[in-house]
>>> print(open('query.txt').read())   # compact mmCIF, C-alpha atoms and all ligand atoms
# COMPACT_ATOMS: atom_id res chain seq x y z
CA MET A 1 5.32 -21.55 -3.15
CA GLU A 2 7.02 -24.34 -1.17
CA ASN A 3 9.83 -24.11 1.37
CA ILE A 4 9.38 -20.53 2.43
CA GLU A 5 10.18 -20.72 6.11
CA ARG A 6 9.22 -17.26 7.24
CA ILE A 7 6.24 -15.54 5.71
CA PRO A 8 5.76 -11.87 6.61
CA THR A 9 2.35 -11.10 8.07
CA HIS A 10 2.29 -7.71 6.38
CA VAL A 11 3.92 -6.78 3.06
CA ALA A 12 3.76 -3.15 1.93
CA ILE A 13 4.67 -2.09 -1.60
CA ILE A 14 5.62 1.21 -3.20
CA MET A 15 4.56 0.49 -6.77
CA ASP A 16 7.07 2.49 -8.82
CA GLY A 17 8.19 2.59 -12.43
CA ASN A 18 4.95 2.55 -14.42
CA GLY A 19 5.87 5.63 -16.42
CA ARG A 20 9.46 4.56 -17.11
CA TRP A 21 8.34 1.09 -18.17
CA ALA A 22 5.83 2.56 -20.63
CA LYS A 23 8.29 5.11 -22.04
CA SER A 24 10.98 2.44 -22.52
CA LEU A 25 8.55 0.62 -24.81
CA GLY A 26 7.48 3.77 -26.67
CA LYS A 27 4.07 3.77 -24.95
CA GLU A 28 2.17 6.49 -23.08
CA ARG A 29 2.69 6.66 -19.28
CA TYR A 30 -0.96 5.76 -18.84
CA GLU A 31 -0.33 2.34 -20.40
CA GLY A 32 2.16 1.69 -17.63
CA HIS A 33 -0.57 2.31 -15.06
CA ILE A 34 -2.92 -0.08 -16.92
CA GLU A 35 -0.31 -2.84 -16.89
CA GLY A 36 0.31 -1.91 -13.26
CA VAL A 37 -3.25 -2.93 -12.41
CA ASP A 38 -2.41 -6.42 -13.68
CA SER A 39 0.59 -6.49 -11.31
CA VAL A 40 -1.76 -5.52 -8.48
CA ARG A 41 -3.97 -8.50 -9.38
CA GLU A 42 -0.96 -10.83 -9.55
CA CYS A 43 0.48 -9.69 -6.22
CA ILE A 44 -2.87 -10.14 -4.48
CA LYS A 45 -2.96 -13.73 -5.76
CA ALA A 46 0.64 -14.39 -4.72
CA ALA A 47 0.11 -12.83 -1.29
CA ARG A 48 -2.96 -14.97 -0.69
CA ARG A 49 -1.28 -18.15 -1.95
CA ASN A 50 1.69 -17.59 0.37
CA GLY A 51 -0.42 -16.85 3.43
CA VAL A 52 0.43 -13.15 3.74
CA LYS A 53 -2.36 -11.58 5.83
CA TYR A 54 -1.96 -7.86 4.98
CA LEU A 55 -0.87 -6.34 1.69
CA THR A 56 -0.55 -2.55 1.56
CA LEU A 57 -0.18 -0.80 -1.79
CA TYR A 58 0.84 2.84 -2.19
CA ALA A 59 -1.61 3.70 -4.96
CA PHE A 60 -1.73 7.51 -4.81
CA SER A 61 0.40 9.76 -2.66
CA THR A 62 -0.54 13.24 -1.52
CA GLU A 63 2.29 14.46 -3.75
CA ASN A 64 0.74 12.74 -6.79
CA TRP A 65 -1.86 15.55 -6.98
CA GLY A 66 1.01 17.62 -8.40
CA ARG A 67 1.14 15.55 -11.60
CA PRO A 68 -0.40 16.92 -14.82
CA VAL A 69 -4.17 17.04 -14.49
CA GLU A 70 -4.62 14.60 -17.41
CA GLU A 71 -2.55 11.95 -15.60
CA VAL A 72 -4.36 12.51 -12.28
CA ASN A 73 -7.73 12.21 -14.03
CA ALA A 74 -6.62 9.09 -15.90
CA LEU A 75 -5.49 7.50 -12.63
CA MET A 76 -8.81 8.34 -10.92
CA GLU A 77 -10.69 6.84 -13.86
CA LEU A 78 -8.50 3.73 -13.69
CA PHE A 79 -9.18 3.34 -9.94
CA CYS A 80 -12.95 3.54 -10.55
CA LYS A 81 -12.79 1.07 -13.46
CA SER A 82 -10.61 -1.34 -11.46
CA VAL A 83 -12.99 -1.19 -8.50
CA MET A 84 -15.93 -2.06 -10.74
CA ALA A 85 -14.08 -4.82 -12.57
CA GLU A 86 -12.38 -6.47 -9.57
CA THR A 87 -14.86 -6.31 -6.68
CA ASP A 88 -16.56 -9.68 -7.35
CA GLN A 89 -13.20 -11.45 -7.72
CA LEU A 90 -11.94 -9.94 -4.48
CA VAL A 91 -15.08 -11.04 -2.63
CA GLU A 92 -14.66 -14.55 -4.06
CA GLN A 93 -11.01 -14.64 -2.95
CA GLY A 94 -11.92 -13.51 0.58
CA VAL A 95 -10.02 -10.24 0.24
CA ARG A 96 -11.08 -7.34 2.47
CA VAL A 97 -10.21 -3.90 1.11
CA VAL A 98 -9.55 -0.96 3.42
CA MET A 99 -8.36 2.54 2.53
CA ILE A 100 -5.83 4.65 4.38
CA GLY A 101 -5.35 8.35 3.60
CA ARG A 102 -7.44 11.46 3.26
CA ARG A 103 -10.88 11.06 1.77
CA ASP A 104 -12.00 14.67 1.50
CA ARG A 105 -10.22 15.64 -1.72
CA PHE A 106 -11.63 13.00 -4.07
CA SER A 107 -14.59 13.69 -6.34
CA ASP A 108 -17.88 12.25 -5.09
CA LYS A 109 -17.67 9.61 -7.83
CA VAL A 110 -14.21 8.38 -6.83
CA ARG A 111 -15.06 8.47 -3.11
CA SER A 112 -18.23 6.47 -3.64
CA HIS A 113 -16.35 3.82 -5.65
CA LEU A 114 -13.72 3.51 -2.95
CA GLU A 115 -16.34 3.26 -0.20
CA LYS A 116 -18.32 0.74 -2.24
CA ILE A 117 -15.38 -1.65 -2.51
CA GLU A 118 -14.71 -1.34 1.22
CA SER A 119 -18.26 -2.23 2.17
CA ALA A 120 -18.65 -4.97 -0.48
CA THR A 121 -15.50 -6.77 0.71
CA ALA A 122 -15.85 -6.14 4.46
CA ALA A 123 -16.37 -9.83 5.29
CA GLY A 124 -13.16 -11.04 3.56
CA GLU A 125 -11.05 -13.14 5.90
CA HIS A 126 -8.07 -14.39 3.89
CA LEU A 127 -6.21 -11.20 3.08
CA THR A 128 -6.60 -7.53 3.99
CA LEU A 129 -5.68 -5.31 1.05
CA VAL A 130 -4.80 -1.86 2.37
CA LEU A 131 -4.92 0.79 -0.35
CA ALA A 132 -3.06 3.99 0.44
CA PHE A 133 -4.94 6.69 -1.49
CA ASP A 134 -4.14 10.38 -1.07
CA TYR A 135 -1.78 9.14 1.61
CA SER A 136 1.11 10.98 3.24
CA SER A 137 2.79 9.63 6.32
CA ARG A 138 3.66 13.07 7.67
CA GLU A 139 0.06 14.21 7.23
CA GLU A 140 -1.10 11.02 8.99
CA ILE A 141 1.24 11.68 11.94
CA THR A 142 0.21 15.36 12.09
CA THR A 143 -3.47 14.37 12.19
CA ALA A 144 -2.73 11.87 14.96
CA VAL A 145 -0.87 14.49 17.02
CA LYS A 146 -3.78 16.94 16.63
CA SER A 147 -6.29 14.31 17.68
CA LEU A 148 -4.27 13.41 20.79
CA ALA A 149 -3.81 17.11 21.64
CA ASN A 150 -7.57 17.62 21.37
CA ARG A 151 -8.20 14.67 23.68
CA VAL A 152 -5.78 16.12 26.23
CA ALA A 153 -7.37 19.58 25.91
CA SER A 154 -10.85 18.14 26.51
CA GLY A 155 -9.63 16.24 29.59
CA GLU A 156 -10.35 12.82 28.04
CA ILE A 157 -6.72 11.73 28.49
CA ALA A 158 -3.66 13.09 30.33
CA VAL A 159 -0.35 14.02 28.71
CA GLU A 160 1.14 10.98 30.48
CA ASP A 161 -1.28 8.75 28.55
CA ILE A 162 0.46 9.62 25.29
CA CYS A 163 2.69 6.69 24.45
CA GLU A 164 3.78 4.68 21.41
CA GLN A 165 0.61 2.63 21.57
CA SER A 166 -1.76 5.60 21.75
CA ILE A 167 0.07 7.23 18.83
CA SER A 168 -0.17 4.00 16.77
CA GLN A 169 -3.86 3.82 17.63
CA SER A 170 -4.40 7.36 16.35
CA LEU A 171 -2.99 6.62 12.88
CA TYR A 172 -5.02 5.51 9.83
CA THR A 173 -3.44 2.09 10.40
CA ALA A 174 -4.77 1.74 13.97
CA ASP A 175 -6.05 -1.82 13.49
CA ILE A 176 -3.35 -2.97 11.09
CA PRO A 177 -0.08 -4.55 12.28
CA ASP A 178 3.15 -2.78 11.30
CA PRO A 179 4.62 -3.93 7.97
CA ASP A 180 7.28 -6.63 8.26
CA PHE A 181 8.53 -6.13 4.74
CA ILE A 182 8.52 -3.06 2.48
CA ILE A 183 9.21 -3.44 -1.23
CA ARG A 184 9.82 -0.55 -3.62
CA THR A 185 10.09 -1.48 -7.28
CA SER A 186 12.11 0.26 -10.02
CA GLY A 187 15.40 0.48 -8.11
CA GLU A 188 14.60 3.70 -6.20
CA CYS A 189 15.70 3.38 -2.55
CA ARG A 190 13.44 5.82 -0.69
CA LEU A 191 10.34 5.63 1.48
CA SER A 192 8.79 8.78 -0.04
CA ASN A 193 6.47 9.62 2.88
CA PHE A 194 5.12 6.05 3.17
CA LEU A 195 4.42 4.45 6.58
CA LEU A 196 7.28 6.30 8.31
CA TRP A 197 6.11 5.49 11.85
CA GLN A 198 5.01 1.96 11.02
CA ALA A 199 8.24 1.07 9.15
CA SER A 200 10.44 1.20 12.28
CA TYR A 201 11.47 -2.46 12.15
CA ALA A 202 10.49 -3.40 8.60
CA GLU A 203 12.91 -5.17 6.31
CA MET A 204 13.31 -3.31 3.01
CA TYR A 205 13.82 -4.60 -0.51
CA PHE A 206 14.46 -2.52 -3.62
CA PRO A 207 14.32 -4.70 -6.75
CA THR A 208 15.11 -2.97 -10.06
CA THR A 209 12.02 -4.51 -11.70
CA MET A 210 9.50 -1.90 -12.87
CA TRP A 211 6.06 -2.28 -11.31
CA PRO A 212 4.31 -3.40 -14.55
CA GLU A 213 6.72 -6.37 -14.63
CA PHE A 214 6.37 -7.25 -10.95
CA LYS A 215 4.20 -10.37 -11.27
CA GLN A 216 3.74 -13.48 -9.10
CA GLU A 217 7.27 -14.86 -9.59
CA GLU A 218 8.76 -11.52 -8.52
CA PHE A 219 6.56 -11.50 -5.42
CA ASP A 220 7.65 -15.06 -4.59
CA LYS A 221 11.29 -14.06 -5.11
CA ALA A 222 10.81 -11.12 -2.73
CA LEU A 223 9.45 -13.47 -0.06
CA GLU A 224 12.56 -15.61 -0.44
CA VAL A 225 14.68 -12.51 0.17
CA TYR A 226 12.62 -11.75 3.29
CA ALA A 227 12.99 -15.33 4.56
CA SER A 228 16.77 -15.04 4.27
CA ARG A 229 16.93 -11.91 6.47
CA GLU A 230 17.56 -12.08 10.17
CA ARG A 231 15.45 -9.64 12.21
CA ARG A 232 16.84 -8.63 15.57
CA TYR A 233 14.67 -5.63 16.56
CA GLY A 234 17.70 -3.86 18.04
CA LYS A 235 18.67 -6.86 20.16
CA LEU A 236 21.69 -9.14 19.72
C1 LIG B 1 4.13 4.84 -9.81
O1 LIG B 1 4.68 4.84 -11.09
C2 LIG B 1 2.73 4.48 -9.81
C3 LIG B 1 1.67 5.28 -9.46
C4 LIG B 1 1.78 6.68 -9.03
C5 LIG B 1 0.30 4.81 -9.52
C6 LIG B 1 0.08 3.41 -9.10
C7 LIG B 1 -1.16 2.97 -9.68
C8 LIG B 1 -1.40 1.77 -10.22
C9 LIG B 1 -0.44 0.66 -10.29
C10 LIG B 1 -2.70 1.58 -10.83
C11 LIG B 1 -3.77 0.89 -10.12
C12 LIG B 1 -3.78 0.67 -8.70
C13 LIG B 1 -4.85 0.15 -8.04
C14 LIG B 1 -4.75 -0.07 -6.60
C15 LIG B 1 -6.10 -0.20 -8.74
P1 LIG B 1 5.19 6.21 -11.70
O2 LIG B 1 4.10 6.78 -12.51
O3 LIG B 1 5.69 7.08 -10.60
O4 LIG B 1 6.36 5.72 -12.61
P2 LIG B 1 7.72 6.49 -12.92
O5 LIG B 1 8.46 6.66 -11.62
O6 LIG B 1 8.41 5.56 -13.86
O7 LIG B 1 7.34 7.79 -13.54
>>> encode(input="query.txt", output="structure tokens")
Amino acid sequence: MENIERIPTHVAIIMDGNGRWAKSLGKERYEGHIEGVDSVRECIKAARRNGVKYLTLYAFSTENWGRPVEEVNALMELFCKSVMAETDQLVEQGVRVVMIGRRDRFSDKVRSHLEKIESATAAGEHLTLVLAFDYSSREEITTAVKSLANRVASGEIAVEDICEQSISQSLYTADIPDPDFIIRTSGECRLSNFLLWQASYAEMYFPTTMWPEFKQEEFDKALEVYASRERRYGKL
């Protein structure tokens, strides 16, 4: 896209509205997730084309385990299928995939697919695709606090060493810059336990478009919205 003056380094998206989109067309919720994978593909292309360096997608929240078991299983199957189908393309496009979230609650099959895509794409230099799987921001912060407390208890660091930077470095996102721009589709205006620490200065955008309809033009439009915002970081 031409004439975009300010491109965010890091865009993070809460992909919402798959189920509602499907239901509104008389389809099963699962079909919304399938079309949602196409939106993932489209947004990766648009992010790359625009020079965005990090794209984070909220793919499965800790709370999503509470959905009916059939839907959880269908989502897990879809993740595995998508990994198999997309890995070569991602490598070709220079996309590096990294996961944030817990890893201990997935089946061995799902975990091995997720780890496979991380190692296969590790050399990608154009875009880092951060997939939040079994992710909860409060759980992430709690884990970070425990790890810092353990380091203090073992004498590795002093209480005075705990600062914003050491907390950031103890999160799943340690090596990832904070998001500049957070998008949530479907018109819901909540963060829902997503990147709460990292979102401190992010611009937010809540388009009413359902995720299955959020394709390249919608991504480009979102970047125009971002470019029109003035960020002051608490200063005048
Ligand atoms: C939210 O819609 C979407 C999800 C919980 C799953 C997101 C998953 C995908 C888009 C599939 C593939 C992703 C990757 C990374 C391969 P919802 O079900 O909450 O919709 P609703 O609010 O309308 O019910």
>>> axis_aligned_box(input="query.txt", around="stretch 162-169 of chain A", padding_each_side="8 Å", output="JSON")
{"center_x": 0.0, "center_y": 6.1, "center_z": 21.0, "size_x": 23.6, "size_y": 23.0, "size_z": 24.5}
>>> residues_around(input="query.txt", residues="A:Thr9", least_positions_apart="6", cutoff="9 Å", atoms="all atoms listed in the file", output="compact mmCIF listing (two decimals) with C-alpha atoms, in the frame of the given file")
# COMPACT_ATOMS: atom_id res chain seq x y z
CA GLY A 51 -0.42 -16.85 3.43
CA VAL A 52 0.43 -13.15 3.74
CA LYS A 53 -2.36 -11.58 5.83
CA TYR A 54 -1.96 -7.86 4.98
CA LEU A 55 -0.87 -6.34 1.69
CA PRO A 177 -0.08 -4.55 12.28
CA ASP A 178 3.15 -2.78 11.30
CA PRO A 179 4.62 -3.93 7.97
CA ASP A 180 7.28 -6.63 8.26
CA PHE A 181 8.53 -6.13 4.74
>>> residues_around(input="query.txt", residues="A:Arg229", least_positions_apart="6", cutoff="10 Å", atoms="only C-alpha atoms", output="PyMOL selection string")
chain A and resi 6+203-204
>>> closest_residue(input="query.txt", among="A:Ile44, A:Leu25, A:Leu90, A:Ala59", to="ligand LIG 1 (chain B)", atoms="only C-alpha atoms and all ligand atoms")
A:Ala59
>>> residues_around(input="query.txt", residues="stretch 218-227 of chain A", least_positions_apart="5", cutoff="7 Å", atoms="all atoms listed in the file", output="JSON, numbers by chain")
{"A": [4, 5, 6, 7, 43, 46]}
>>> closest_residue(input="query.txt", among="A:Gly234, A:Pro8, A:Pro212, A:Gly66", to="A:Ala47", atoms="all atoms listed in the file")
A:Pro8
>>> closest_atom_pairs(input="query.txt", of="chain A", to="ligand LIG 1 (chain B)", cutoff="6 Å", atoms="all atoms listed in the file", output="JSON lines")
{"residue": "A:Met15", "atom": "CA", "partner": "B:LIG1", "partner_atom": "C1", "distance": 5.3}
{"residue": "A:Asp16", "atom": "CA", "partner": "B:LIG1", "partner_atom": "C1", "distance": 3.9}
{"residue": "A:Gly17", "atom": "CA", "partner": "B:LIG1", "partner_atom": "O6", "distance": 3.3}
{"residue": "A:Asn18", "atom": "CA", "partner": "B:LIG1", "partner_atom": "O4", "distance": 3.9}
{"residue": "A:Gly19", "atom": "CA", "partner": "B:LIG1", "partner_atom": "O6", "distance": 3.6}
{"residue": "A:Arg20", "atom": "CA", "partner": "B:LIG1", "partner_atom": "O6", "distance": 3.6}
{"residue": "A:His33", "atom": "CA", "partner": "B:LIG1", "partner_atom": "C10", "distance": 4.8}
{"residue": "A:Gly36", "atom": "CA", "partner": "B:LIG1", "partner_atom": "C9", "distance": 4.0}
{"residue": "A:Val37", "atom": "CA", "partner": "B:LIG1", "partner_atom": "C11", "distance": 4.5}
{"residue": "A:Ala59", "atom": "CA", "partner": "B:LIG1", "partner_atom": "C6", "distance": 4.5}
{"residue": "A:Phe60", "atom": "CA", "partner": "B:LIG1", "partner_atom": "C4", "distance": 5.6}
{"residue": "A:Phe79", "atom": "CA", "partner": "B:LIG1", "partner_atom": "C15", "distance": 4.8}
{"residue": "A:Ser82", "atom": "CA", "partner": "B:LIG1", "partner_atom": "C15", "distance": 5.4}
>>> residues_around(input="query.txt", residues="A:Ala123", least_positions_apart="5", cutoff="12 Å", atoms="only C-alpha atoms", output="list in words")
Leu90, Val91, Glu92, Gln93, Gly94, Val95, Arg96, Val97, Val98, Ile117, Glu118 and Thr128 of chain A
>>> atom_distance(input="query.txt", atom1="atom CA of A:Arg29", atom2="atom CA of A:Arg48")
29.1 Å
>>> closest_residue(input="query.txt", among="A:Asn193, A:Asn150, A:Ser136, A:Gln198", to="A:Ser168", atoms="all atoms listed in the file")
A:Gln198
>>> decode(input="query.txt", residues="stretch 109-233 of chain A", atoms="C-alpha atoms", output="short mmCIF file (atom, residue, chain, number, x, y, z; two decimals), in the first residue's frame")
data_model
loop_
_atom_site.label_atom_id
_atom_site.label_comp_id
_atom_site.auth_asym_id
_atom_site.auth_seq_id
_atom_site.Cartn_x
_atom_site.Cartn_y
_atom_site.Cartn_z
CA LYS A 109 0.47 -34.32 18.52
CA VAL A 110 -0.52 -30.66 18.73
CA ARG A 111 2.65 -29.72 20.64
CA SER A 112 4.86 -31.44 18.10
CA HIS A 113 3.13 -29.64 15.20
CA LEU A 114 3.57 -26.29 16.92
CA GLU A 115 7.23 -26.98 17.69
CA LYS A 116 7.81 -28.21 14.14
CA ILE A 117 6.59 -24.95 12.61
CA GLU A 118 8.77 -22.94 15.01
CA SER A 119 11.91 -24.83 14.09
CA ALA A 120 11.15 -25.00 10.35
CA THR A 121 10.67 -21.22 10.13
CA ALA A 122 13.38 -20.15 12.60
CA ALA A 123 15.50 -18.45 9.92
CA GLY A 124 12.69 -16.18 8.62
CA GLU A 125 13.76 -12.55 8.58
CA HIS A 126 10.91 -10.55 7.04
CA LEU A 127 8.14 -10.98 9.59
CA THR A 128 7.83 -12.61 13.01
CA LEU A 129 4.43 -14.23 13.42
CA VAL A 130 3.70 -14.61 17.13
CA LEU A 131 0.95 -17.13 17.81
CA ALA A 132 -0.67 -16.87 21.22
CA PHE A 133 -1.79 -20.41 22.03
CA ASP A 134 -3.19 -21.35 25.43
CA TYR A 135 -2.30 -17.80 26.32
CA SER A 136 -3.50 -15.73 29.27
CA SER A 137 -1.87 -12.46 30.15
CA ARG A 138 -2.55 -12.82 33.87
CA GLU A 139 -1.05 -16.31 33.86
CA GLU A 140 1.97 -14.93 31.98
CA ILE A 141 2.46 -12.16 34.56
CA THR A 142 1.98 -14.61 37.45
CA THR A 143 4.63 -16.92 35.99
CA ALA A 144 7.00 -13.96 35.57
CA VAL A 145 6.48 -12.87 39.19
CA LYS A 146 7.18 -16.43 40.42
CA SER A 147 10.33 -16.66 38.35
CA LEU A 148 11.63 -13.32 39.68
CA ALA A 149 10.74 -14.34 43.26
CA ASN A 150 12.69 -17.58 42.80
CA ARG A 151 15.70 -15.67 41.50
CA VAL A 152 15.58 -13.38 44.54
CA ALA A 153 15.19 -16.36 46.89
CA SER A 154 18.22 -18.09 45.35
CA GLY A 155 20.31 -14.92 45.69
CA GLU A 156 20.76 -14.54 41.91
CA ILE A 157 19.22 -11.04 41.97
CA ALA A 158 18.23 -8.53 44.68
CA VAL A 159 14.73 -7.14 45.22
CA GLU A 160 16.09 -3.80 43.97
CA ASP A 161 16.92 -5.45 40.63
CA ILE A 162 13.22 -5.95 39.92
CA CYS A 163 12.21 -3.22 37.50
CA GLU A 164 10.01 -2.78 34.43
CA GLN A 165 12.74 -4.17 32.22
CA SER A 166 13.34 -7.31 34.29
CA ILE A 167 9.59 -7.94 34.41
CA SER A 168 9.32 -7.52 30.60
CA GLN A 169 12.25 -9.88 30.19
CA SER A 170 10.49 -12.52 32.31
CA LEU A 171 7.37 -12.61 30.10
CA TYR A 172 6.79 -14.98 27.15
CA THR A 173 7.35 -11.91 24.96
CA ALA A 174 10.86 -11.20 26.34
CA ASP A 175 12.45 -10.72 22.92
CA ILE A 176 9.46 -9.15 21.20
CA PRO A 177 8.84 -5.39 21.19
CA ASP A 178 5.57 -4.18 22.74
CA PRO A 179 2.65 -3.96 20.30
CA ASP A 180 2.12 -0.52 18.75
CA PHE A 181 -1.35 -1.34 17.51
CA ILE A 182 -3.97 -3.78 18.80
CA ILE A 183 -6.94 -4.70 16.62
CA ARG A 184 -9.98 -6.63 17.82
CA THR A 185 -12.48 -7.58 15.14
CA SER A 186 -16.25 -8.05 15.49
CA GLY A 187 -16.97 -4.80 17.34
CA GLU A 188 -16.15 -6.09 20.85
CA CYS A 189 -14.10 -3.51 22.76
CA ARG A 190 -12.18 -5.57 25.33
CA LEU A 191 -8.66 -6.91 25.74
CA SER A 192 -9.83 -10.24 27.20
CA ASN A 193 -6.59 -11.14 29.01
CA PHE A 194 -4.39 -10.36 25.98
CA LEU A 195 -0.97 -8.66 26.37
CA LEU A 196 -2.09 -6.59 29.38
CA TRP A 197 1.44 -5.55 30.40
CA GLN A 198 2.67 -5.09 26.84
CA ALA A 199 -0.35 -3.02 25.73
CA SER A 200 0.51 -0.03 27.95
CA TYR A 201 0.99 2.43 25.08
CA ALA A 202 -0.66 0.57 22.21
CA GLU A 203 -3.20 2.25 19.99
CA MET A 204 -6.44 0.25 19.82
CA TYR A 205 -8.86 -0.30 16.96
CA PHE A 206 -12.17 -2.15 17.11
CA PRO A 207 -13.62 -2.60 13.61
CA THR A 208 -17.06 -4.25 13.40
CA THR A 209 -15.84 -6.61 10.65
CA MET A 210 -16.00 -10.29 11.67
CA TRP A 211 -12.65 -12.06 11.53
CA PRO A 212 -13.54 -14.29 8.52
CA GLU A 213 -14.10 -11.08 6.52
CA PHE A 214 -10.95 -9.33 7.71
CA LYS A 215 -8.83 -9.67 4.56
CA GLN A 216 -5.96 -7.61 3.09
CA GLU A 217 -8.02 -4.46 2.38
CA GLU A 218 -9.26 -4.43 5.99
CA PHE A 219 -5.69 -4.77 7.24
CA ASP A 220 -4.59 -1.90 4.99
CA LYS A 221 -7.51 0.20 6.24
CA ALA A 222 -6.48 -0.52 9.84
CA LEU A 223 -2.96 0.72 9.08
CA GLU A 224 -4.43 3.94 7.74
CA VAL A 225 -6.31 4.37 11.02
CA TYR A 226 -3.05 3.81 12.92
CA ALA A 227 -1.18 6.33 10.75
CA SER A 228 -3.80 8.96 11.56
CA ARG A 229 -3.35 8.57 15.34
CA GLU A 230 -1.01 10.76 17.33
CA ARG A 231 0.95 8.88 20.01
CA ARG A 232 2.19 10.94 22.92
CA TYR A 233 3.25 8.30 25.49
#
